[in-house]
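Data file: coords.tsv. Format and content: TSV, C-alpha atoms.
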```tsv
chain	number	residue	atom	x	y	z
A	1	MET	CA	-25.09	32.41	-5.46
A	2	GLN	CA	-23.04	29.23	-5.88
A	3	ALA	CA	-19.85	31.07	-4.81
A	4	SER	CA	-21.51	32.43	-1.67
A	5	ARG	CA	-22.87	29.00	-0.79
A	6	ALA	CA	-19.39	27.47	-1.22
A	7	ARG	CA	-17.83	30.19	0.92
A	8	LEU	CA	-20.42	29.68	3.67
A	9	PHE	CA	-19.87	25.90	3.64
A	10	LYS	CA	-16.13	26.54	3.99
A	11	GLU	CA	-16.76	28.86	6.96
A	12	TYR	CA	-19.15	26.31	8.47
A	13	LYS	CA	-16.50	23.56	8.24
A	14	GLU	CA	-13.93	25.87	9.84
A	15	VAL	CA	-16.30	26.66	12.71
A	16	GLN	CA	-16.94	22.94	13.27
A	17	ARG	CA	-13.21	22.17	13.23
A	18	GLU	CA	-12.28	24.99	15.61
A	19	LYS	CA	-15.19	24.87	18.06
A	20	THR	CA	-12.92	25.14	21.09
A	21	ALA	CA	-10.50	27.65	19.52
A	22	ASP	CA	-12.68	30.64	20.41
A	23	PRO	CA	-14.59	30.05	23.66
A	24	ASP	CA	-16.26	33.50	23.45
A	25	ILE	CA	-18.18	32.68	20.26
A	26	GLN	CA	-20.57	29.85	19.48
A	27	LEU	CA	-21.77	29.89	15.87
A	28	VAL	CA	-24.68	27.80	14.59
A	29	CYS	CA	-25.85	27.55	11.01
A	30	ASP	CA	-29.56	26.96	10.34
A	31	ASP	CA	-29.97	23.30	9.31
A	32	SER	CA	-32.23	24.17	6.40
A	33	ASN	CA	-30.71	27.47	5.22
A	34	ILE	CA	-26.96	28.17	4.92
A	35	PHE	CA	-27.76	31.91	4.66
A	36	LYS	CA	-29.17	32.05	8.24
A	37	TRP	CA	-26.81	31.83	11.22
A	38	THR	CA	-27.05	32.56	14.92
A	39	ALA	CA	-24.23	33.29	17.31
A	40	LEU	CA	-23.89	33.30	21.06
A	41	ILE	CA	-21.17	35.69	22.16
A	42	LYS	CA	-19.85	36.24	25.67
A	43	GLY	CA	-19.74	39.79	26.97
A	44	PRO	CA	-16.15	41.02	27.16
A	45	SER	CA	-14.50	40.93	30.59
A	46	GLU	CA	-14.07	44.16	32.51
A	47	THR	CA	-17.15	45.65	30.81
A	48	PRO	CA	-20.75	45.96	32.03
A	49	TYR	CA	-21.53	43.03	29.69
A	50	ASP	CA	-19.16	40.63	31.49
A	51	GLY	CA	-20.95	37.40	32.44
A	52	GLY	CA	-23.67	37.90	29.84
A	53	VAL	CA	-24.32	35.74	26.80
A	54	PHE	CA	-25.78	37.63	23.85
A	55	GLN	CA	-27.54	36.10	20.85
A	56	LEU	CA	-26.97	37.51	17.37
A	57	ALA	CA	-28.94	36.76	14.20
A	58	PHE	CA	-27.12	36.73	10.85
A	59	SER	CA	-28.87	37.05	7.53
A	60	VAL	CA	-26.33	36.48	4.78
A	61	PRO	CA	-27.04	37.92	1.32
A	62	GLU	CA	-26.63	35.83	-1.81
A	63	GLN	CA	-23.85	38.24	-2.89
A	64	TYR	CA	-21.75	37.28	0.16
A	65	PRO	CA	-18.79	37.74	0.60
A	66	LEU	CA	-18.96	40.74	-1.71
A	67	GLN	CA	-21.72	42.20	0.49
A	68	PRO	CA	-21.77	42.09	4.30
A	69	PRO	CA	-24.21	39.99	6.30
A	70	GLN	CA	-27.03	41.73	8.16
A	71	VAL	CA	-26.48	41.20	11.87
A	72	ARG	CA	-28.60	42.18	14.82
A	73	PHE	CA	-28.76	41.47	18.53
A	74	LEU	CA	-31.66	39.24	19.55
A	75	THR	CA	-30.73	39.77	23.21
A	76	LYS	CA	-31.59	43.22	24.59
A	77	ILE	CA	-28.46	45.27	25.18
A	78	PHE	CA	-27.89	48.83	26.43
A	79	HIS	CA	-25.14	50.10	24.11
A	80	PRO	CA	-24.82	53.32	22.10
A	81	ASN	CA	-24.20	51.50	18.81
A	82	VAL	CA	-27.09	49.05	19.09
A	83	HIS	CA	-30.73	50.02	18.51
A	84	PHE	CA	-32.53	49.05	21.71
A	85	LYS	CA	-35.74	47.83	20.05
A	86	THR	CA	-34.52	46.26	16.78
A	87	GLY	CA	-31.02	45.12	17.78
A	88	GLU	CA	-29.56	46.80	14.67
A	89	ILE	CA	-25.79	47.35	15.00
A	90	CYS	CA	-23.91	50.45	13.83
A	91	LEU	CA	-20.51	49.11	12.84
A	92	ASP	CA	-18.50	50.32	9.84
A	93	ILE	CA	-17.53	46.82	8.65
A	94	LEU	CA	-21.21	45.97	8.31
A	95	LYS	CA	-21.71	49.01	6.10
A	96	ASN	CA	-19.12	50.93	4.06
A	97	ALA	CA	-15.91	49.30	5.39
A	98	TRP	CA	-16.87	45.73	4.49
A	99	SER	CA	-14.25	43.52	2.87
A	100	PRO	CA	-14.63	39.94	1.57
A	101	ALA	CA	-11.73	39.05	3.89
A	102	TRP	CA	-14.15	39.24	6.83
A	103	THR	CA	-15.86	36.02	7.93
A	104	ILE	CA	-18.90	35.47	10.12
A	105	GLN	CA	-16.54	34.52	12.95
A	106	SER	CA	-14.44	37.69	12.53
A	107	VAL	CA	-17.61	39.81	12.44
A	108	CYS	CA	-18.50	38.32	15.85
A	109	ARG	CA	-15.01	39.29	17.09
A	110	ALA	CA	-15.54	42.86	15.83
A	111	ILE	CA	-18.91	43.05	17.62
A	112	ILE	CA	-17.28	41.88	20.88
A	113	ALA	CA	-14.63	44.60	20.39
A	114	LEU	CA	-17.40	47.17	19.83
A	115	MET	CA	-19.06	46.05	23.06
A	116	ALA	CA	-15.81	46.79	24.90
A	117	HIS	CA	-15.20	50.09	23.08
A	118	PRO	CA	-18.49	51.89	22.32
A	119	GLU	CA	-18.58	54.79	19.86
A	120	PRO	CA	-20.96	57.32	21.48
A	121	ASP	CA	-20.58	59.81	18.60
A	122	SER	CA	-22.64	57.65	16.22
A	123	PRO	CA	-25.38	56.33	18.49
A	124	LEU	CA	-28.36	54.20	17.55
A	125	ASN	CA	-29.32	54.29	21.24
A	126	CYS	CA	-29.31	58.02	22.08
A	127	ASP	CA	-29.88	57.51	25.83
A	128	SER	CA	-26.77	55.35	26.04
A	129	GLY	CA	-24.75	57.64	23.78
A	130	ASN	CA	-25.77	60.75	25.74
A	131	LEU	CA	-24.65	59.21	29.04
A	132	LEU	CA	-21.20	58.50	27.62
A	133	ARG	CA	-20.87	61.83	25.79
A	134	SER	CA	-21.79	63.76	28.93
A	135	GLY	CA	-19.16	61.84	30.91
A	136	ASP	CA	-21.62	59.85	33.03
A	137	ILE	CA	-19.65	56.60	32.81
A	138	ARG	CA	-21.12	55.30	36.07
A	139	GLY	CA	-24.68	55.88	34.81
A	140	PHE	CA	-23.94	54.14	31.51
A	141	GLN	CA	-22.25	51.17	33.18
A	142	SER	CA	-25.06	50.84	35.71
A	143	MET	CA	-27.74	50.73	32.98
A	144	ALA	CA	-25.69	48.37	30.79
A	145	ARG	CA	-25.05	46.03	33.73
A	146	MET	CA	-28.74	46.05	34.69
A	147	TYR	CA	-29.85	45.08	31.17
A	148	THR	CA	-27.11	42.45	30.98
A	149	ARG	CA	-28.41	40.91	34.21
A	150	LEU	CA	-32.02	41.07	33.04
A	151	ALA	CA	-31.59	39.84	29.47
A	152	ALA	CA	-28.24	38.08	29.02
A	153	MET	CA	-27.62	36.08	32.18
A	154	PRO	CA	-29.11	32.71	32.98
A	155	LYS	CA	-31.83	32.86	35.60
A	156	LYS	CA	-30.88	31.23	38.89
A	157	GLY	CA	-33.20	28.97	40.82
```

For this file, write the structure as structure tokens.
Amino acid sequence: MQASRARLFKEYKEVQREKTADPDIQLVCDDSNIFKWTALIKGPSETPYDGGVFQLAFSVPEQYPLQPPQVRFLTKIFHPNVHFKTGEICLDILKNAWSPAWTIQSVCRAIIALMAHPEPDSPLNCDSGNLLRSGDIRGFQSMARMYTRLAAMPKKG
């Protein structure tokens, strides 16, 4: 547990030092628990998520970095690899392809990449996956854009 705490403090210091280095990701560590983090990530440009800001919740195990953090979307998102109700994310690096070389920041980068390049063949959201697999790109993008506007964009007025 001491090693994971030290690693997380190191990552925290790096995030503080490089706040402006990655404008697409804003990471915040819980003041009272180094094992709880939240992230605000910007939807990738030229995707239906463009203009949206999505909140992620990280729960880091005591065996970190030997085991991956649990990450889920707190913001509703229409994406084949994200469970619509729970926000669970289907991403290999969070399961069997995890490596201690990954950091919380790089996991956020991988999630942004997944947002831009969905994998409809392993869907957690079947409606979204079915639209893409059947070739209905317009339908998928329309739904994803609608949910981005409803859940991930600041309300005007």

For A:Asp121, find every residue with an atom within 10 Å (counting all atoms listed in the file), except residues of its own chain fewer than 3 positions away, and show them as number ranges by chain.
A: 80-81, 118, 124, 126, 129-130, 132-133

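Proximity of A:Leu131, A:Leu150, A:Ile41, A:Ile77 to A:Ala113, computed with all atoms listed in the file, is greatest for A:Ile41.
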
From the options A:Gln55, A:Thr38, A:Thr148, A:Ser106, which residue's atoms come nearest to A:Asp22, counting only C-alpha atoms?
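Checking each of A:Gln55, A:Thr38, A:Thr148, A:Ser106 against A:Asp22, counting only C-alpha atoms, the winner is A:Ser106.
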
For a test of reading the model, state the distance in Å between atom CA of A:Asp50 and atom CA of A:Arg145, rounded to one decimal.
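Separation between atom CA of A:Asp50 and atom CA of A:Arg145: 8.3 Å.
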
Restricting the calculation to all atoms listed in the file, which member of A:Gly52, A:Pro69, A:Pro120, A:Gly43 is positioned closest to A:Trp102?
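With all atoms listed in the file as the atom set, the closest residue is A:Pro69.
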
A:Phe140, A:Ser134, A:Trp98, A:Leu114 ranked by distance to A:Val82, top pick (using only C-alpha atoms)
A:Leu114

Contacts of stretch 67-112 of chain A with stretch 9-20 of chain A up to 9 Å, shortest pair per row, only C-alpha atoms, as CSV:
```
residue,atom,partner,partner_atom,distance
A:Thr103,CA,A:Glu11,CA,7.3
A:Ile104,CA,A:Glu11,CA,7.6
A:Gln105,CA,A:Val15,CA,7.9
```

At a cut-off of 10 Å from (-26.9, 36.7, -0.7) in the coordinates of the file, what residues are picked up using all atoms listed in the file, written as a list of chain:residue names?
A:Met1, A:Gln2, A:Ala3, A:Ser4, A:Arg5, A:Phe35, A:Ser59, A:Val60, A:Pro61, A:Glu62, A:Gln63, A:Tyr64, A:Pro65, A:Leu66, A:Gln67, A:Pro68, A:Pro69
